[in-house]
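Structure file entry_4.cif; described as mmCIF, C-alpha atoms and all ligand atoms.
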data_coords
#
loop_
_atom_site.group_PDB
_atom_site.id
_atom_site.type_symbol
_atom_site.label_atom_id
_atom_site.label_comp_id
_atom_site.auth_asym_id
_atom_site.auth_seq_id
_atom_site.Cartn_x
_atom_site.Cartn_y
_atom_site.Cartn_z
ATOM 1 C CA MET A 1 0.000 0.000 0.000
ATOM 2 C CA SER A 2 1.417 3.415 -0.870
ATOM 3 C CA ASP A 3 1.977 6.126 1.711
ATOM 4 C CA SER A 4 -0.657 8.329 0.160
ATOM 5 C CA ILE A 5 -3.226 5.643 0.927
ATOM 6 C CA THR A 6 -2.044 4.786 4.428
ATOM 7 C CA ASN A 7 -1.923 8.494 5.334
ATOM 8 C CA GLU A 8 -5.566 9.113 4.384
ATOM 9 C CA PRO A 9 -7.549 10.384 7.363
ATOM 10 C CA THR A 10 -9.710 7.609 8.751
ATOM 11 C CA SER A 11 -12.902 7.216 10.745
ATOM 12 C CA GLY A 12 -12.787 5.717 14.204
ATOM 13 C CA ILE A 13 -10.078 5.349 16.832
ATOM 14 C CA GLN A 14 -6.686 6.786 15.858
ATOM 15 C CA GLU A 15 -3.401 5.137 16.759
ATOM 16 C CA LYS A 16 -1.588 8.307 17.742
ATOM 17 C CA LYS A 17 -2.670 9.745 21.095
ATOM 18 C CA VAL A 18 -3.061 13.523 21.337
ATOM 19 C CA PRO A 19 -3.382 14.356 25.068
ATOM 20 C CA ASP A 20 -2.155 17.905 24.370
ATOM 21 C CA LYS A 21 -5.394 18.541 22.451
ATOM 22 C CA LEU A 22 -7.501 18.145 25.603
ATOM 23 C CA VAL A 23 -8.946 21.318 27.056
ATOM 24 C CA GLY A 24 -9.399 21.812 30.804
ATOM 25 C CA ASN A 25 -8.226 18.257 31.499
ATOM 26 C CA LEU A 26 -11.579 16.879 30.344
ATOM 27 C CA PRO A 27 -12.664 14.745 27.374
ATOM 28 C CA THR A 28 -12.892 17.257 24.541
ATOM 29 C CA LEU A 29 -15.261 17.581 21.602
ATOM 30 C CA TYR A 30 -14.184 19.546 18.539
ATOM 31 C CA CYS A 31 -17.402 20.689 16.912
ATOM 32 C CA TYR A 32 -19.504 23.350 15.206
ATOM 33 C CA GLU A 33 -22.275 24.705 17.377
ATOM 34 C CA THR A 34 -25.005 23.701 14.910
ATOM 35 C CA CYS A 35 -23.464 20.568 13.355
ATOM 36 C CA PRO A 36 -26.013 17.713 13.288
ATOM 37 C CA PHE A 37 -23.314 15.048 13.682
ATOM 38 C CA CYS A 38 -21.926 16.840 16.744
ATOM 39 C CA PHE A 39 -25.353 16.886 18.382
ATOM 40 C CA LYS A 40 -25.369 13.072 18.325
ATOM 41 C CA VAL A 41 -22.280 13.041 20.528
ATOM 42 C CA LYS A 42 -23.493 15.866 22.765
ATOM 43 C CA ALA A 43 -26.737 13.924 23.326
ATOM 44 C CA LEU A 44 -24.932 10.754 24.391
ATOM 45 C CA LEU A 45 -22.471 12.609 26.638
ATOM 46 C CA GLY A 46 -25.397 14.471 28.183
ATOM 47 C CA SER A 47 -27.450 11.346 28.807
ATOM 48 C CA ARG A 48 -24.473 9.648 30.506
ATOM 49 C CA GLY A 49 -23.635 12.714 32.603
ATOM 50 C CA ILE A 50 -20.099 12.908 31.185
ATOM 51 C CA LYS A 51 -18.412 16.285 31.677
ATOM 52 C CA TYR A 52 -16.474 17.497 28.655
ATOM 53 C CA SER A 53 -14.917 20.561 27.045
ATOM 54 C CA LYS A 54 -16.043 21.920 23.698
ATOM 55 C CA VAL A 55 -13.816 23.527 21.091
ATOM 56 C CA GLU A 56 -15.743 25.521 18.526
ATOM 57 C CA VAL A 57 -14.057 24.990 15.149
ATOM 58 C CA ASN A 58 -14.051 27.773 12.578
ATOM 59 C CA PRO A 59 -16.102 26.261 9.709
ATOM 60 C CA MET A 60 -14.201 28.133 6.994
ATOM 61 C CA LYS A 61 -10.594 27.934 8.199
ATOM 62 C CA HIS A 62 -10.673 24.876 10.496
ATOM 63 C CA THR A 63 -7.920 26.624 12.477
ATOM 64 C CA GLU A 64 -8.609 24.627 15.640
ATOM 65 C CA LEU A 65 -8.252 21.305 13.763
ATOM 66 C CA GLN A 66 -5.117 22.087 11.755
ATOM 67 C CA TRP A 67 -3.215 19.503 13.807
ATOM 68 C CA SER A 68 -5.507 16.672 12.608
ATOM 69 C CA SER A 69 -5.550 15.063 9.172
ATOM 70 C CA TRP A 70 -9.305 14.470 9.702
ATOM 71 C CA ARG A 71 -10.810 17.937 9.325
ATOM 72 C CA LYS A 72 -14.486 17.126 9.748
ATOM 73 C CA VAL A 73 -16.343 17.600 12.992
ATOM 74 C CA PRO A 74 -17.045 15.975 15.397
ATOM 75 C CA VAL A 75 -13.651 14.845 16.648
ATOM 76 C CA PHE A 76 -13.595 13.432 20.171
ATOM 77 C CA ILE A 77 -10.510 13.285 22.394
ATOM 78 C CA ASP A 78 -10.755 11.025 25.420
ATOM 79 C CA LEU A 79 -8.980 11.726 28.718
ATOM 80 C CA ASP A 80 -6.030 9.493 27.820
ATOM 81 C CA GLY A 81 -5.585 11.388 24.533
ATOM 82 C CA THR A 82 -7.336 8.837 22.290
ATOM 83 C CA GLN A 83 -8.671 10.591 19.181
ATOM 84 C CA VAL A 84 -11.905 9.266 17.663
ATOM 85 C CA ASN A 85 -13.227 10.593 14.337
ATOM 86 C CA ASP A 86 -16.718 10.375 12.837
ATOM 87 C CA SER A 87 -19.954 10.624 14.807
ATOM 88 C CA ASN A 88 -21.254 7.038 14.720
ATOM 89 C CA PHE A 89 -17.810 5.710 15.647
ATOM 90 C CA ILE A 90 -17.657 8.197 18.520
ATOM 91 C CA LEU A 91 -21.056 7.050 19.816
ATOM 92 C CA HIS A 92 -19.860 3.439 19.887
ATOM 93 C CA TYR A 93 -16.551 4.408 21.478
ATOM 94 C CA ILE A 94 -18.179 6.372 24.315
ATOM 95 C CA ASP A 95 -20.820 3.728 24.968
ATOM 96 C CA GLU A 96 -18.308 0.882 24.981
ATOM 97 C CA LYS A 97 -15.960 2.705 27.364
ATOM 98 C CA GLY A 98 -18.828 3.646 29.651
ATOM 99 C CA ASP A 99 -22.172 2.003 30.315
ATOM 100 C CA ASN A 100 -22.032 -0.357 27.308
ATOM 101 C CA LYS A 101 -25.773 -0.102 26.801
ATOM 102 C CA PHE A 102 -26.146 -0.585 23.069
ATOM 103 C CA PRO A 103 -25.101 -3.382 20.719
ATOM 104 C CA ARG A 104 -21.713 -2.980 19.047
ATOM 105 C CA TYR A 105 -21.458 -2.448 15.295
ATOM 106 C CA GLY A 106 -22.256 -5.668 13.406
ATOM 107 C CA VAL A 107 -24.304 -7.222 16.213
ATOM 108 C CA ASP A 108 -27.708 -5.631 15.605
ATOM 109 C CA GLU A 109 -28.360 -5.103 11.903
ATOM 110 C CA LYS A 110 -31.356 -2.913 12.557
ATOM 111 C CA GLN A 111 -29.482 -0.534 14.797
ATOM 112 C CA ASP A 112 -26.653 -0.338 12.238
ATOM 113 C CA GLU A 113 -29.081 0.454 9.410
ATOM 114 C CA TRP A 114 -30.798 3.229 11.336
ATOM 115 C CA MET A 115 -27.457 4.687 12.360
ATOM 116 C CA ASP A 116 -26.502 4.764 8.669
ATOM 117 C CA PHE A 117 -29.895 6.300 7.878
ATOM 118 C CA SER A 118 -29.058 9.226 10.190
ATOM 119 C CA ASN A 119 -26.137 10.187 7.940
ATOM 120 C CA SER A 120 -27.146 9.060 4.485
ATOM 121 C CA ILE A 121 -30.815 10.140 4.535
ATOM 122 C CA LEU A 122 -31.878 12.179 7.556
ATOM 123 C CA GLY A 123 -28.828 14.481 7.664
ATOM 124 C CA LYS A 124 -29.235 15.309 3.971
ATOM 125 C CA SER A 125 -33.004 15.751 4.323
ATOM 126 C CA ILE A 126 -32.716 18.361 7.068
ATOM 127 C CA VAL A 127 -29.978 20.264 5.249
ATOM 128 C CA ALA A 128 -32.216 20.503 2.169
ATOM 129 C CA VAL A 129 -34.909 22.140 4.333
ATOM 130 C CA ILE A 130 -32.835 24.358 6.649
ATOM 131 C CA TYR A 131 -30.880 25.875 3.765
ATOM 132 C CA SER A 132 -33.696 26.000 1.242
ATOM 133 C CA SER A 133 -33.427 29.781 0.816
ATOM 134 C CA TYR A 134 -30.695 32.346 1.432
ATOM 135 C CA PHE A 135 -32.749 33.817 4.283
ATOM 136 C CA THR A 136 -33.222 30.501 6.071
ATOM 137 C CA SER A 137 -29.477 29.849 5.590
ATOM 138 C CA LEU A 138 -28.612 33.194 7.176
ATOM 139 C CA LYS A 139 -30.776 32.318 10.151
ATOM 140 C CA ALA A 140 -28.974 28.997 10.573
ATOM 141 C CA LEU A 141 -25.572 30.669 10.402
ATOM 142 C CA ASP A 142 -26.372 33.508 12.760
ATOM 143 C CA TYR A 143 -24.721 31.543 15.598
ATOM 144 C CA VAL A 144 -21.239 32.277 14.197
ATOM 145 C CA THR A 145 -21.652 35.947 15.067
ATOM 146 C CA LYS A 146 -21.790 34.910 18.731
ATOM 147 C CA VAL A 147 -18.788 32.587 18.921
ATOM 148 C CA ASP A 148 -16.187 34.096 21.273
ATOM 149 C CA ASN A 149 -13.073 32.531 19.790
ATOM 150 C CA PHE A 150 -13.754 33.828 16.231
ATOM 151 C CA SER A 151 -12.405 37.186 15.132
ATOM 152 C CA PHE A 152 -14.809 39.912 14.012
ATOM 153 C CA SER A 153 -13.947 39.368 10.327
ATOM 154 C CA SER A 154 -14.382 35.588 10.657
ATOM 155 C CA ARG A 155 -17.827 36.092 12.142
ATOM 156 C CA ILE A 156 -18.935 38.283 9.251
ATOM 157 C CA ILE A 157 -17.405 36.069 6.544
ATOM 158 C CA ASN A 158 -18.640 32.842 8.098
ATOM 159 C CA LYS A 159 -22.174 34.155 8.293
ATOM 160 C CA TRP A 160 -22.641 35.888 4.946
ATOM 161 C CA LEU A 161 -20.407 33.718 2.795
ATOM 162 C CA GLY A 162 -21.283 30.594 4.769
ATOM 163 C CA ALA A 163 -24.966 31.196 4.055
ATOM 164 C CA ILE A 164 -24.323 31.344 0.303
ATOM 165 C CA ILE A 165 -22.269 28.153 0.395
ATOM 166 C CA MET A 166 -24.839 26.339 2.519
ATOM 167 C CA PHE A 167 -27.669 27.484 0.268
ATOM 168 C CA PHE A 168 -25.917 25.682 -2.612
ATOM 169 C CA VAL A 169 -25.205 22.667 -0.411
ATOM 170 C CA GLY A 170 -28.917 22.615 0.482
ATOM 171 C CA ARG A 171 -29.852 22.687 -3.201
ATOM 172 C CA SER A 172 -27.525 19.810 -4.008
ATOM 173 C CA ARG A 173 -28.920 17.756 -1.095
ATOM 174 C CA ALA A 174 -32.468 18.463 -2.280
ATOM 175 C CA LYS A 175 -31.625 16.952 -5.675
ATOM 176 C CA LYS A 176 -30.971 13.599 -4.017
ATOM 177 C CA PHE A 177 -34.663 13.160 -3.257
ATOM 178 C CA PRO A 178 -37.665 13.024 -5.588
ATOM 179 C CA LEU A 179 -39.913 14.977 -3.211
ATOM 180 C CA LYS A 180 -39.651 18.686 -2.386
ATOM 181 C CA PRO A 181 -37.526 19.329 0.758
ATOM 182 C CA ARG A 182 -40.371 19.819 3.242
ATOM 183 C CA ASP A 183 -42.428 16.922 1.855
ATOM 184 C CA ASN A 184 -39.323 14.760 1.816
ATOM 185 C CA LEU A 185 -38.543 15.496 5.465
ATOM 186 C CA LYS A 186 -42.101 14.589 6.444
ATOM 187 C CA PHE A 187 -41.762 11.359 4.435
ATOM 188 C CA GLN A 188 -38.412 10.536 6.089
ATOM 189 C CA LEU A 189 -39.889 11.156 9.550
ATOM 190 C CA ASP A 190 -42.663 8.697 8.673
ATOM 191 C CA ASN A 191 -39.915 6.209 7.783
ATOM 192 C CA LEU A 192 -38.009 6.933 10.974
ATOM 193 C CA ALA A 193 -41.054 6.163 13.092
ATOM 194 C CA LYS A 194 -41.176 2.664 11.558
ATOM 195 C CA GLY A 195 -37.933 1.891 13.395
ATOM 196 C CA PHE A 196 -39.266 2.585 16.887
ATOM 197 C CA GLU A 197 -39.563 -0.497 19.077
ATOM 198 C CA GLY A 198 -41.884 1.045 21.642
ATOM 199 C CA GLU A 199 -40.361 4.066 23.374
ATOM 200 C CA PHE A 200 -37.066 3.995 21.475
ATOM 201 C CA PHE A 201 -35.254 2.251 18.623
ATOM 202 C CA GLY A 202 -33.598 0.309 21.424
ATOM 203 C CA GLY A 203 -36.925 -0.650 23.075
ATOM 204 C CA ASP A 204 -37.071 0.520 26.690
ATOM 205 C CA ILE A 205 -33.729 2.308 26.521
ATOM 206 C CA PRO A 206 -32.136 4.254 23.666
ATOM 207 C CA ASN A 207 -29.476 2.632 21.515
ATOM 208 C CA GLY A 208 -27.068 4.065 18.943
ATOM 209 C CA ALA A 209 -29.866 4.626 16.427
ATOM 210 C CA ASP A 210 -31.733 6.827 18.915
ATOM 211 C CA PHE A 211 -28.728 9.044 19.615
ATOM 212 C CA ALA A 212 -27.718 9.199 15.955
ATOM 213 C CA ASN A 213 -31.133 10.261 14.662
ATOM 214 C CA TYR A 214 -32.025 12.451 17.615
ATOM 215 C CA GLY A 215 -28.749 14.361 17.221
ATOM 216 C CA ILE A 216 -29.445 15.083 13.580
ATOM 217 C CA LEU A 217 -32.944 16.379 14.330
ATOM 218 C CA ARG A 218 -31.839 18.319 17.422
ATOM 219 C CA SER A 219 -29.661 20.509 15.206
ATOM 220 C CA MET A 220 -32.836 21.810 13.543
ATOM 221 C CA GLN A 221 -34.464 23.072 16.700
ATOM 222 C CA GLY A 222 -35.219 26.778 16.329
ATOM 223 C CA LEU A 223 -34.472 26.727 12.606
ATOM 224 C CA TYR A 224 -36.610 26.714 9.494
ATOM 225 C CA GLY A 225 -38.504 23.425 9.106
ATOM 226 C CA PHE A 226 -38.570 22.368 12.766
ATOM 227 C CA ASP A 227 -42.365 22.711 12.680
ATOM 228 C CA ILE A 228 -42.435 19.579 10.470
ATOM 229 C CA LEU A 229 -41.010 17.571 13.365
ATOM 230 C CA GLU A 230 -43.182 19.304 15.964
ATOM 231 C CA SER A 231 -46.317 18.325 14.098
ATOM 232 C CA HIS A 232 -45.309 14.682 13.641
ATOM 233 C CA ASP A 233 -47.444 12.614 15.987
ATOM 234 C CA LEU A 234 -44.946 9.755 16.445
ATOM 235 C CA VAL A 235 -41.559 11.387 16.039
ATOM 236 C CA HIS A 236 -42.263 14.382 18.259
ATOM 237 C CA PRO A 237 -43.055 12.353 21.420
ATOM 238 C CA TRP A 238 -39.893 10.268 20.846
ATOM 239 C CA TYR A 239 -37.906 13.471 20.320
ATOM 240 C CA THR A 240 -39.228 14.860 23.602
ATOM 241 C CA ARG A 241 -38.216 11.668 25.427
ATOM 242 C CA MET A 242 -34.722 11.858 23.947
ATOM 243 C CA GLN A 243 -34.447 15.540 24.824
ATOM 244 C CA LYS A 244 -35.405 14.862 28.401
ATOM 245 C CA LEU A 245 -32.874 12.108 28.951
ATOM 246 C CA SER A 246 -30.016 13.790 27.087
ATOM 247 C CA GLY A 247 -30.619 17.204 28.619
ATOM 248 C CA ILE A 248 -29.751 19.010 25.385
HETATM 249 N N1 LIG A 301 -19.545 11.155 8.609
HETATM 250 C C1 LIG A 301 -19.134 12.295 9.401
HETATM 251 C C2 LIG A 301 -19.661 13.561 8.748
HETATM 252 C C3 LIG A 301 -19.207 14.781 9.494
HETATM 253 C C4 LIG A 301 -19.419 16.047 8.672
HETATM 254 O O1 LIG A 301 -19.649 16.005 7.455
HETATM 255 N N2 LIG A 301 -19.329 17.183 9.346
HETATM 256 C C5 LIG A 301 -19.410 18.440 8.657
HETATM 257 C C6 LIG A 301 -19.991 19.502 9.554
HETATM 258 S S1 LIG A 301 -21.709 19.312 9.863
HETATM 259 C C7 LIG A 301 -18.009 18.857 8.288
HETATM 260 O O2 LIG A 301 -17.139 18.894 9.139
HETATM 261 N N3 LIG A 301 -17.798 19.152 7.009
HETATM 262 C C8 LIG A 301 -16.514 19.546 6.521
HETATM 263 C C9 LIG A 301 -16.333 21.014 6.597
HETATM 264 O O3 LIG A 301 -17.132 21.733 7.183
HETATM 265 O O4 LIG A 301 -15.315 21.450 6.070
HETATM 266 C C10 LIG A 301 -19.685 12.142 10.802
HETATM 267 O O5 LIG A 301 -20.712 11.474 10.946
HETATM 268 O O6 LIG A 301 -19.086 12.649 11.757
#
What is this structure when it is put down as C-alpha cells?
Ligand SMILES: N[C@@H](CCC(=O)N[C@@H](CS)C(=O)NCC(=O)O)C(=O)O
Amino acid sequence: MSDSITNEPTSGIQEKKVPDKLVGNLPTLYCYETCPFCFKVKALLGSRGIKYSKVEVNPMKHTELQWSSWRKVPVFIDLDGTQVNDSNFILHYIDEKGDNKFPRYGVDEKQDEWMDFSNSILGKSIVAVIYSSYFTSLKALDYVTKVDNFSFSSRIINKWLGAIIMFFVGRSRAKKFPLKPRDNLKFQLDNLAKGFEGEFFGGDIPNGADFANYGILRSMQGLYGFDILESHDLVHPWYTRMQKLSGI
C-alpha cells in the first residue's frame, strides 16, 4: 500500500494519542455549534452525565483542527488522549468505554441500518430544508456571530459567505430526493417512526440509532422546518423523550 493511501484520514479510533489537544483536562469535543453530527455526541455525553470541554471549530478555516488530518467535525478526544473521528464511531466508542448499553457495530443489523440512515438520509433531508433559501441559511448561520473565539472578520465572513455556500449545499442535497424538501422530510420522519420499538429504537432504553437520529434532528431546533417535526405525531413524542434524557 502506498503512503498516500495509508496516510488518508480515517474514521474511528486513531493510533496516535493527542493528550495535548484536551482542554481543561476533560474529554474534549471539537465541533460546530449547529453541526447535526456533533449533536449526536453531545446527546450521548449528556445522557451519561459525562463532563467534557467543547472547542468551537471555525467552519471556513478549520484553524482549531489544523493539527488533525481528519478535518471534519465531530472529533472526540478522550482523557487518555485517544482521538476518535466520525460521529457514529464516537457514539460506539463512548458507549463501549462507559455504560455499554447498546449493541456494538455488526451485532444488531437494525441498529446499524438506522445509524446509517441518520447520515445518508436524515442528515441530507434536514440540510435541504434548513438551507432551502438564502434567508433561512442566514438564520442557521447567525450563531457564528456569537462565537467568542472567532475574530470579528471571521464572524462576518462565516455568516454571509457561509450562508451562500450552505444554500448551494442545500440545493444539491435536495436533488438527491424526488420529493420537495419539506415533503421529503415529512416522508423521512414517517420512515423513521417505523424503526421505533416502543419508546425507542432500542426498546425501553435508547441505543445508537436513537442518539444518531435524535442528534441530527436536534440541530434543527429553532431553525426553518422544525415545525415539520413538531407536528409529527410519532416522532415528536420520541424526540421529547430523547431531549429529556439527554438534557440538550
Ligand atoms: N460522517 C461524518 C460527517 C461529518 C461532517 O460532514 N461534518 C461536517 C460539519 S456538519 C463537516 O465537518 N464538514 C466539513 C467542513 O465543514 O469542512 C460524521 O458522521 O461525523
Could you list, as a compact mmCIF listing (two decimals) with C-alpha atoms, in the frame of the given file, all protein and nucleic acid residues with an atom at most 7 Å from ligand LIG 301 (chain A), counting all atoms listed in the file?
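Just written: part.txt:
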# COMPACT_ATOMS: atom_id res chain seq x y z
CA TYR A 32 -19.50 23.35 15.21
CA CYS A 35 -23.46 20.57 13.36
CA PRO A 36 -26.01 17.71 13.29
CA PHE A 37 -23.31 15.05 13.68
CA PRO A 59 -16.10 26.26 9.71
CA MET A 60 -14.20 28.13 6.99
CA ARG A 71 -10.81 17.94 9.32
CA LYS A 72 -14.49 17.13 9.75
CA VAL A 73 -16.34 17.60 12.99
CA PRO A 74 -17.05 15.98 15.40
CA ASN A 85 -13.23 10.59 14.34
CA ASP A 86 -16.72 10.38 12.84
CA SER A 87 -19.95 10.62 14.81
CA ASN A 88 -21.25 7.04 14.72
CA ASN A 119 -26.14 10.19 7.94
I'd like a table as a tab-separated table: residues in stretch 63-168 of chain A with an atom no more than 12 Å from stretch 212-223 of chain A, each row giving the shortest atom pair and its distance in Å to one decimal, all atoms listed in the file counted, sorted by chain and rising residue number.
residue	atom	partner	partner_atom	distance
A:Pro74	CA	A:Gly215	CA	12.0
A:Asp86	CA	A:Ala212	CA	11.5
A:Ser87	CA	A:Ala212	CA	8.0
A:Asn88	CA	A:Ala212	CA	6.9
A:Phe89	CA	A:Ala212	CA	10.5
A:Ile90	CA	A:Ala212	CA	10.4
A:Leu91	CA	A:Ala212	CA	8.0
A:His92	CA	A:Ala212	CA	10.5
A:Gln111	CA	A:Ala212	CA	10.0
A:Asp112	CA	A:Ala212	CA	10.3
A:Glu113	CA	A:Ala212	CA	11.0
A:Trp114	CA	A:Asn213	CA	7.8
A:Met115	CA	A:Ala212	CA	5.8
A:Asp116	CA	A:Ala212	CA	8.6
A:Phe117	CA	A:Asn213	CA	8.0
A:Ser118	CA	A:Asn213	CA	5.0
A:Asn119	CA	A:Ile216	CA	8.2
A:Ser120	CA	A:Asn213	CA	11.0
A:Ile121	CA	A:Asn213	CA	10.1
A:Leu122	CA	A:Ile216	CA	7.1
A:Gly123	CA	A:Ile216	CA	6.0
A:Lys124	CA	A:Ile216	CA	9.6
A:Ser125	CA	A:Ile216	CA	9.9
A:Ile126	CA	A:Met220	CA	7.3
A:Val127	CA	A:Met220	CA	8.9
A:Ala128	CA	A:Met220	CA	11.5
A:Val129	CA	A:Met220	CA	9.4
A:Ile130	CA	A:Leu223	CA	6.6
A:Tyr131	CA	A:Leu223	CA	9.6
A:Ser132	CA	A:Leu223	CA	11.4
A:Phe135	CA	A:Leu223	CA	11.1
A:Thr136	CA	A:Leu223	CA	7.6
A:Ser137	CA	A:Leu223	CA	9.2
A:Leu138	CA	A:Leu223	CA	10.3
A:Lys139	CA	A:Leu223	CA	7.1
A:Ala140	CA	A:Leu223	CA	6.3
A:Leu141	CA	A:Leu223	CA	10.0
A:Asp142	CA	A:Leu223	CA	10.6
A:Tyr143	CA	A:Leu223	CA	11.3
Could you write those residues out with C-alpha atoms, as a compact mmCIF listing (two decimals), in the frame of the given file?
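This went into part-v9.txt:
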# COMPACT_ATOMS: atom_id res chain seq x y z
CA PRO A 74 -17.05 15.98 15.40
CA ASP A 86 -16.72 10.38 12.84
CA SER A 87 -19.95 10.62 14.81
CA ASN A 88 -21.25 7.04 14.72
CA PHE A 89 -17.81 5.71 15.65
CA ILE A 90 -17.66 8.20 18.52
CA LEU A 91 -21.06 7.05 19.82
CA HIS A 92 -19.86 3.44 19.89
CA GLN A 111 -29.48 -0.53 14.80
CA ASP A 112 -26.65 -0.34 12.24
CA GLU A 113 -29.08 0.45 9.41
CA TRP A 114 -30.80 3.23 11.34
CA MET A 115 -27.46 4.69 12.36
CA ASP A 116 -26.50 4.76 8.67
CA PHE A 117 -29.90 6.30 7.88
CA SER A 118 -29.06 9.23 10.19
CA ASN A 119 -26.14 10.19 7.94
CA SER A 120 -27.15 9.06 4.49
CA ILE A 121 -30.82 10.14 4.54
CA LEU A 122 -31.88 12.18 7.56
CA GLY A 123 -28.83 14.48 7.66
CA LYS A 124 -29.24 15.31 3.97
CA SER A 125 -33.00 15.75 4.32
CA ILE A 126 -32.72 18.36 7.07
CA VAL A 127 -29.98 20.26 5.25
CA ALA A 128 -32.22 20.50 2.17
CA VAL A 129 -34.91 22.14 4.33
CA ILE A 130 -32.84 24.36 6.65
CA TYR A 131 -30.88 25.88 3.76
CA SER A 132 -33.70 26.00 1.24
CA PHE A 135 -32.75 33.82 4.28
CA THR A 136 -33.22 30.50 6.07
CA SER A 137 -29.48 29.85 5.59
CA LEU A 138 -28.61 33.19 7.18
CA LYS A 139 -30.78 32.32 10.15
CA ALA A 140 -28.97 29.00 10.57
CA LEU A 141 -25.57 30.67 10.40
CA ASP A 142 -26.37 33.51 12.76
CA TYR A 143 -24.72 31.54 15.60
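Of note, atom CA of A:Glu197 and atom CA of A:Tyr239 are spaced 14.1 Å apart.
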Worksheet item: Can you list, as a count of residues only, the residues that the PyMOL selection byres (((chain A and resi 185) around 9) and not hetatm) selects here?
Response: 19
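When you apply the PyMOL selection byres (((chain A and resi 79) around 7) and not hetatm) to this structure, what comes back is Leu26, Pro27, Ile77, Asp78, Asp80 and Gly81 of chain A.
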Worksheet item: Between A:Asn207, A:Leu65, A:Tyr30, A:Trp238, which is the closest to A:Asn100 once you count only C-alpha atoms?
Response: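 Comparing A:Asn207, A:Leu65, A:Tyr30, A:Trp238 against A:Asn100, the winner is A:Asn207.
Nearest residue to A:Leu29, choosing from A:Phe76, A:Trp70, A:Phe177, A:Trp160 and counting all atoms listed in the file: A:Phe76.
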Let me know the centre plus edge lengths, in Å and rounded to one decimal, of a box with edges along x, y and z that contains all listed atoms of stretch 66-70 of chain A and is padded by 8 Å on every side, as AutoDock Vina command-line options.
--center_x -6.3 --center_y 18.3 --center_z 11.5 --size_x 22.1 --size_y 23.6 --size_z 20.6
Practice prompt. Quick one: apply the PyMOL selection byres (((chain A and resi 205) around 12) and not hetatm) to the file and drop the selected residues here as a PyMOL selection string.
Written response: chain A and resi 47+101-103+196-204+206-211+238+241-242+245
Fill in: Point-to-point distance in Å for atom CA of A:Gly24 and atom CA of A:Gly12
23.4 Å
Discussion item. Taking (-9.7, 11.6, 15.8) as a centre in this file's frame and 6 Å as the limit, can you find every polymer residue with an atom that close, using all atoms listed in the file, and give them as a ChimeraX atom specification?
Written reply: /A:14,75,83-85
Worksheet item: A:Lys42, A:Tyr134, A:Asn25, A:Glu15: which is nearest A:Val169, counting all atoms listed in the file?
Response: A:Tyr134
Worksheet item: How far is it from atom CA of A:Leu44 to atom CA of A:Thr82, in Å with one decimal?
Response: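 According to the coordinates, atom CA of A:Leu44 and atom CA of A:Thr82 are separated by 17.8 Å.
Proximity ranking of A:Leu45, A:Val144, A:Asn149, A:Arg155 relative to A:Ser246 places A:Leu45 first, based on all atoms listed in the file.
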